Structures are given as C-alpha cells and as structure tokens.
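As provided, structure26.txt (compact mmCIF, C-alpha atoms) reads as follows.
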# COMPACT_ATOMS: atom_id res chain seq x y z
CA MET C 1 160.46 108.42 68.56
CA ARG C 2 157.58 106.20 69.60
CA ILE C 3 155.72 103.54 67.64
CA GLU C 4 152.90 101.47 69.05
CA THR C 5 152.03 98.10 67.55
CA GLU C 6 149.46 95.56 68.65
CA ARG C 7 151.68 94.23 71.46
CA LEU C 8 154.74 96.45 71.56
CA ILE C 9 156.02 99.95 72.09
CA ILE C 10 159.14 100.93 70.17
CA ARG C 11 160.63 103.95 71.89
CA ASP C 12 163.80 105.87 72.56
CA LEU C 13 166.27 104.24 74.91
CA GLU C 14 166.17 105.59 78.48
CA GLN C 15 168.62 105.31 81.37
CA LYS C 16 166.22 102.89 83.11
CA ASP C 17 167.01 100.44 80.27
CA ARG C 18 170.68 100.04 81.30
CA GLU C 19 170.34 96.94 83.52
CA PRO C 20 167.92 94.90 81.35
CA LEU C 21 169.84 95.86 78.20
CA PHE C 22 173.14 94.86 79.82
CA ARG C 23 171.69 91.46 80.75
CA MET C 24 170.39 90.97 77.20
CA VAL C 25 173.63 91.78 75.38
CA TRP C 26 175.43 89.10 77.39
CA GLN C 27 172.96 86.35 76.42
CA GLU C 28 174.49 83.59 74.34
CA GLY C 29 172.61 84.40 71.11
CA VAL C 30 173.54 88.07 71.24
CA VAL C 31 177.16 87.37 72.13
CA ARG C 32 177.34 84.88 69.27
CA PHE C 33 175.86 87.00 66.49
CA MET C 34 176.35 90.59 67.71
CA ARG C 35 179.78 90.47 69.33
CA ASP C 36 180.31 94.22 69.18
CA TRP C 37 177.60 94.75 71.80
CA PRO C 38 179.14 92.78 74.69
CA GLU C 39 182.69 93.73 73.64
CA ASN C 40 181.82 97.40 74.17
CA ILE C 41 179.59 96.90 77.21
CA PRO C 42 181.55 95.44 80.15
CA SER C 43 179.03 96.78 82.70
CA ALA C 44 175.56 98.32 82.84
CA ASP C 45 177.15 101.68 83.66
CA SER C 46 179.05 101.55 80.37
CA LEU C 47 175.67 102.06 78.64
CA THR C 48 175.14 105.48 80.28
CA ASP C 49 176.84 107.56 77.57
CA TYR C 50 175.39 105.42 74.77
CA ILE C 51 171.85 105.97 76.04
CA ALA C 52 172.56 109.66 76.73
CA TRP C 53 173.60 110.09 73.08
CA HIS C 54 170.39 108.38 71.93
CA GLN C 55 168.42 110.76 74.15
CA THR C 56 169.91 113.69 72.21
CA GLN C 57 168.62 112.07 68.99
CA LYS C 58 164.95 111.77 70.04
CA GLU C 59 163.68 114.06 67.28
CA SER C 60 166.02 112.77 64.57
CA VAL C 61 164.56 111.04 61.53
CA ASP C 62 167.94 110.48 59.87
CA VAL C 63 167.82 106.79 59.01
CA PHE C 64 171.46 106.86 57.88
CA GLU C 65 172.61 107.53 61.43
CA SER C 66 173.07 104.38 63.49
CA LYS C 67 170.27 104.35 66.03
CA ARG C 68 168.80 101.71 68.30
CA TYR C 69 165.40 101.79 69.94
CA ALA C 70 163.90 99.94 72.88
CA VAL C 71 161.34 97.23 72.17
CA ALA C 72 159.02 97.03 75.19
CA LEU C 73 155.89 95.06 75.96
CA LYS C 74 152.85 97.31 75.70
CA GLN C 75 151.09 95.82 78.73
CA THR C 76 154.00 95.95 81.19
CA GLY C 77 156.54 98.35 79.69
CA ARG C 78 159.22 95.67 80.13
CA LEU C 79 162.23 96.02 77.80
CA ILE C 80 162.46 92.83 75.73
CA GLY C 81 164.71 93.82 72.85
CA ILE C 82 166.33 96.31 70.53
CA VAL C 83 165.53 97.31 66.97
CA GLY C 84 167.31 99.89 64.86
CA MET C 85 168.85 100.98 61.63
CA GLY C 86 171.78 102.89 60.20
CA LEU C 87 174.28 103.04 57.38
CA GLU C 88 176.22 99.79 57.06
CA ASP C 89 179.89 100.74 56.73
CA THR C 90 181.07 98.25 54.11
CA LEU C 91 177.94 98.14 51.94
CA HIS C 92 176.92 101.82 52.17
CA GLU C 93 173.26 100.90 52.43
CA VAL C 94 170.85 101.43 55.32
CA GLU C 95 170.64 98.24 57.31
CA MET C 96 168.19 97.25 60.01
CA ALA C 97 169.19 95.36 63.15
CA TYR C 98 167.39 93.67 66.02
CA PHE C 99 167.64 91.28 68.92
CA ILE C 100 165.10 90.00 71.41
CA ASP C 101 165.67 88.79 74.97
CA GLU C 102 166.03 84.97 74.91
CA ALA C 103 163.09 84.64 77.32
CA TYR C 104 160.80 86.33 74.76
CA GLN C 105 162.04 84.80 71.52
CA GLY C 106 159.67 82.74 69.36
CA ASN C 107 156.64 84.98 69.96
CA GLY C 108 156.87 87.13 66.82
CA TYR C 109 158.18 90.20 68.68
CA ALA C 110 161.21 90.59 66.40
CA THR C 111 158.98 90.42 63.31
CA GLU C 112 156.47 92.88 64.79
CA SER C 113 159.12 95.42 65.80
CA LEU C 114 161.13 95.09 62.57
CA THR C 115 158.02 95.56 60.42
CA ALA C 116 156.92 98.62 62.42
CA LEU C 117 160.34 100.27 62.25
CA PHE C 118 160.61 99.53 58.53
CA ASP C 119 157.28 101.29 57.94
CA TRP C 120 158.45 104.27 60.02
CA CYS C 121 161.73 104.46 58.06
CA MET C 122 159.81 104.51 54.79
CA LYS C 123 157.60 107.36 56.10
CA VAL C 124 160.52 109.55 57.17
CA SER C 125 162.93 108.87 54.31
CA GLU C 126 162.98 108.63 50.54
CA LEU C 127 164.87 105.35 50.48
CA ASP C 128 163.62 102.71 48.06
CA TYR C 129 164.62 99.80 50.30
CA LEU C 130 166.35 98.69 53.50
CA ILE C 131 168.61 95.68 53.97
CA LEU C 132 169.47 93.02 56.51
CA THR C 133 172.76 91.13 56.54
CA ILE C 134 172.45 87.89 58.46
CA ASP C 135 175.11 85.35 59.27
CA CYS C 136 174.35 82.12 57.39
CA ALA C 137 174.52 80.30 60.73
CA ASN C 138 171.72 82.43 62.20
CA THR C 139 168.71 80.52 60.87
CA ALA C 140 166.27 82.00 63.40
CA SER C 141 167.13 85.52 62.27
CA CYS C 142 166.67 84.49 58.63
CA ARG C 143 163.13 83.32 59.49
CA VAL C 144 162.42 86.71 61.14
CA ALA C 145 163.64 88.47 57.98
CA GLU C 146 161.32 86.45 55.76
CA LYS C 147 158.32 86.84 58.10
CA SER C 148 158.96 90.59 58.09
CA GLY C 149 158.68 90.77 54.31
CA PHE C 150 162.39 90.86 53.46
CA SER C 151 163.43 88.83 50.43
CA LEU C 152 166.65 86.89 50.24
CA PHE C 153 168.58 88.72 47.55
CA GLU C 154 171.81 86.76 47.56
CA LYS C 155 174.35 84.84 49.60
CA ARG C 156 177.59 86.75 49.85
CA THR C 157 181.09 85.62 50.70
CA PRO C 158 183.35 88.65 51.21
CA ILE C 159 186.87 88.34 49.82
CA GLY C 160 189.66 89.97 51.79
CA HIS C 161 187.52 91.05 54.76
CA ARG C 162 184.92 89.73 57.16
CA GLN C 163 181.58 91.34 57.80
CA PRO C 164 181.31 92.66 61.36
CA ASN C 165 179.83 90.23 63.88
CA MET C 166 179.81 87.25 61.52
CA ILE C 167 180.95 83.81 62.67
CA SER C 168 180.52 82.31 59.18
CA ASP C 169 182.49 83.22 56.08
CA SER C 170 179.26 83.97 54.23
CA TYR C 171 176.13 85.93 54.98
CA TYR C 172 172.67 86.34 53.53
CA TYR C 173 171.80 89.73 52.08
CA PHE C 174 168.07 90.46 52.45
CA ARG C 175 166.24 93.43 51.01
CA LYS C 176 162.76 94.86 51.51
CA ASN C 177 161.48 97.44 49.06
CA ARG C 178 159.27 100.42 49.75
CA GLY C 179 155.62 99.53 49.26
CA HIS C 180 156.19 95.86 50.09
CA SER C 181 153.22 94.97 52.22
CA HIS C 182 153.75 92.64 55.18
CA GLY C 183 152.21 89.19 55.06
What do you get writing this file as structure tokens?
Amino acid sequence: MRIETERLIIRDLEQKDREPLFRMVWQEGVVRFMRDWPENIPSADSLTDYIAWHQTQKESVDVFESKRYAVALKQTGRLIGIVGMGLEDTLHEVEMAYFIDEAYQGNGYATESLTALFDWCMKVSELDYLILTIDCANTASCRVAEKSGFSLFEKRTPIGHRQPNMISDSYYYFRKNRGHSHG
C-alpha cells in the first residue's frame, strides 16, 4: 500500500524502519499512551518478524485486520510515525491508530496521515464509519481526531475492564462517517 499526500508518504513497513521505529516506541508519549508497543518491543531486532508479517500483507485491503503503516516525509523518506487500523477487540468496530515521532509533533502530520488513511479505508471497504478511542488524558490526540474530521461521540467509562493502553478510567469515543469531508 502506498498513499502520497502533500507532505507525506504512507507506505508498508520495511525492515529499514526497525531502528527509527524502535526509537519512537520508547518515547515518553508513546510509552504513556500505547504501552503495548514498548512492552512487546525490547529491541529493534524484535521488530523483524512484525515487519516481515506486514510485508506479506502488502496487497491486503482488509481493514478489519490490524495493520500499521509507515508515515514518512515525502522530501527525505524519513520515518516519522505510524498510522493504521484494525478491528478493536472489545468494541468490535474498526479503529484507527497513530503516533508521530516527538521531534515532528505539532506540524499536522498526524492529521494529514490519519485523513489520508481514512479516505483509503473508505475506498477499499464498505464500512459506514471508523472510530478512534482516545484516553481522556491524551488531549493532543483528541485535537488530532477533531482536526481529522472525527466527531466526539461520547465519553465512556468501562465497567469491569480497562481499555487497552489507557491510563485513565475513561476514554473518548470518536467516530468519522463515510462521506465526511475534511475541514
């Protein structure tokens, strides 16, 4: 898969992404709000099989399958983040996910990549909408959701379980419908 935006290339993960991706997943903001990444990635080499699996999925357009794509700067090819989607286990809805290298945050890259992947997902699927679940403590990610055209649907407080990767008891449930234009 490959999507070009004004400033970015969203592409399949490649083995050359191991080192920069490893550095990113251990950044404070990723560790805080996406704990499963660093917990499962003790070294750059531990990404080898993960990336190899993604390489086997290059032609797949199954948005229900959990996939992550590289977000790279168009001008330099530098990996600056991850964007993806897949079926959320507890909600049984297709959820999008993203993170951007701390050095590149605040430049609209998360919004640009999320919007582009959303549009691609709508082209290759018959889904009516996609969701984001965002920890109530993650205000920056909530701003990205809104800038990307997602609407806050409700605040949820799970009873009897915790959502994966959440530090708060509650999370915001965002939804973006098919045909919702950005901006």
**Test item: residues at most 10 Å from Leu127 (chain C), only C-alpha atoms, excluding those fewer than 4 positions along its chain, as a ChimeraX atom specification** = /C:63,93-94,121-123,177-178
**Message:** Just want the 9 Å neighbourhood of Glu88 (chain C), counted on only C-alpha atoms, with same-chain residues fewer than 6 positions away dropped. Output as number ranges by chain.
**Reply:** C: 64, 66, 94-96
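Every protein, DNA or RNA residue with an atom at most 9 Å from Leu117 (chain C), where all atoms listed in the file count and chain neighbours fewer than 6 positions away do not, is listed here: C:Ile3, C:Ile10, C:Val83, C:Gly84, C:Met85, C:Met96.
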What does the file look like for those residues with C-alpha atoms, as a PDB file, in the coordinates of the input?
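The result, stored in again.pdb:
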ATOM      1  CA  ILE C   3     155.720 103.540  67.640  1.00  0.00           C
ATOM      2  CA  ILE C  10     159.140 100.930  70.170  1.00  0.00           C
ATOM      3  CA  VAL C  83     165.530  97.310  66.970  1.00  0.00           C
ATOM      4  CA  GLY C  84     167.310  99.890  64.860  1.00  0.00           C
ATOM      5  CA  MET C  85     168.850 100.980  61.630  1.00  0.00           C
ATOM      6  CA  MET C  96     168.190  97.250  60.010  1.00  0.00           C
TER       7      MET C  96
END
Near region 132-142 of chain C, 12 Å: region 16-46 of chain C residue rows, closest pairs, all atoms listed in the file, as a Markdown table:
| residue | atom | partner | partner_atom | distance |
| --- | --- | --- | --- | --- |
| C:Gly29 | CA | C:Asn138 | CA | 9.2 |
| C:Val30 | CA | C:Asn138 | CA | 10.8 |
| C:Arg32 | CA | C:Asn138 | CA | 9.4 |
| C:Phe33 | CA | C:Asp135 | CA | 7.4 |
| C:Met34 | CA | C:Asp135 | CA | 10.0 |
**Item:** Using only C-alpha atoms: which of C:Leu13, C:Ile82, C:Leu130, C:Ala103 has the shortest distance to Gly149 (chain C)
**Value:**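 When distances to Gly149 (chain C) are compared using only C-alpha atoms, the smallest one comes from C:Leu130.
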**Asked** Of the candidates C:Arg11, C:Arg175, C:Lys155, C:Lys147, which shows the shortest atom-to-atom distance to Gln57 (chain C), using all atoms listed in the file?
**Response** C:Arg11
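Of the listed residues (C:Glu102, C:Met1, C:Asn40, C:Gln15), C:Met1 comes nearest to Lys67 (chain C); the distances count only C-alpha atoms.
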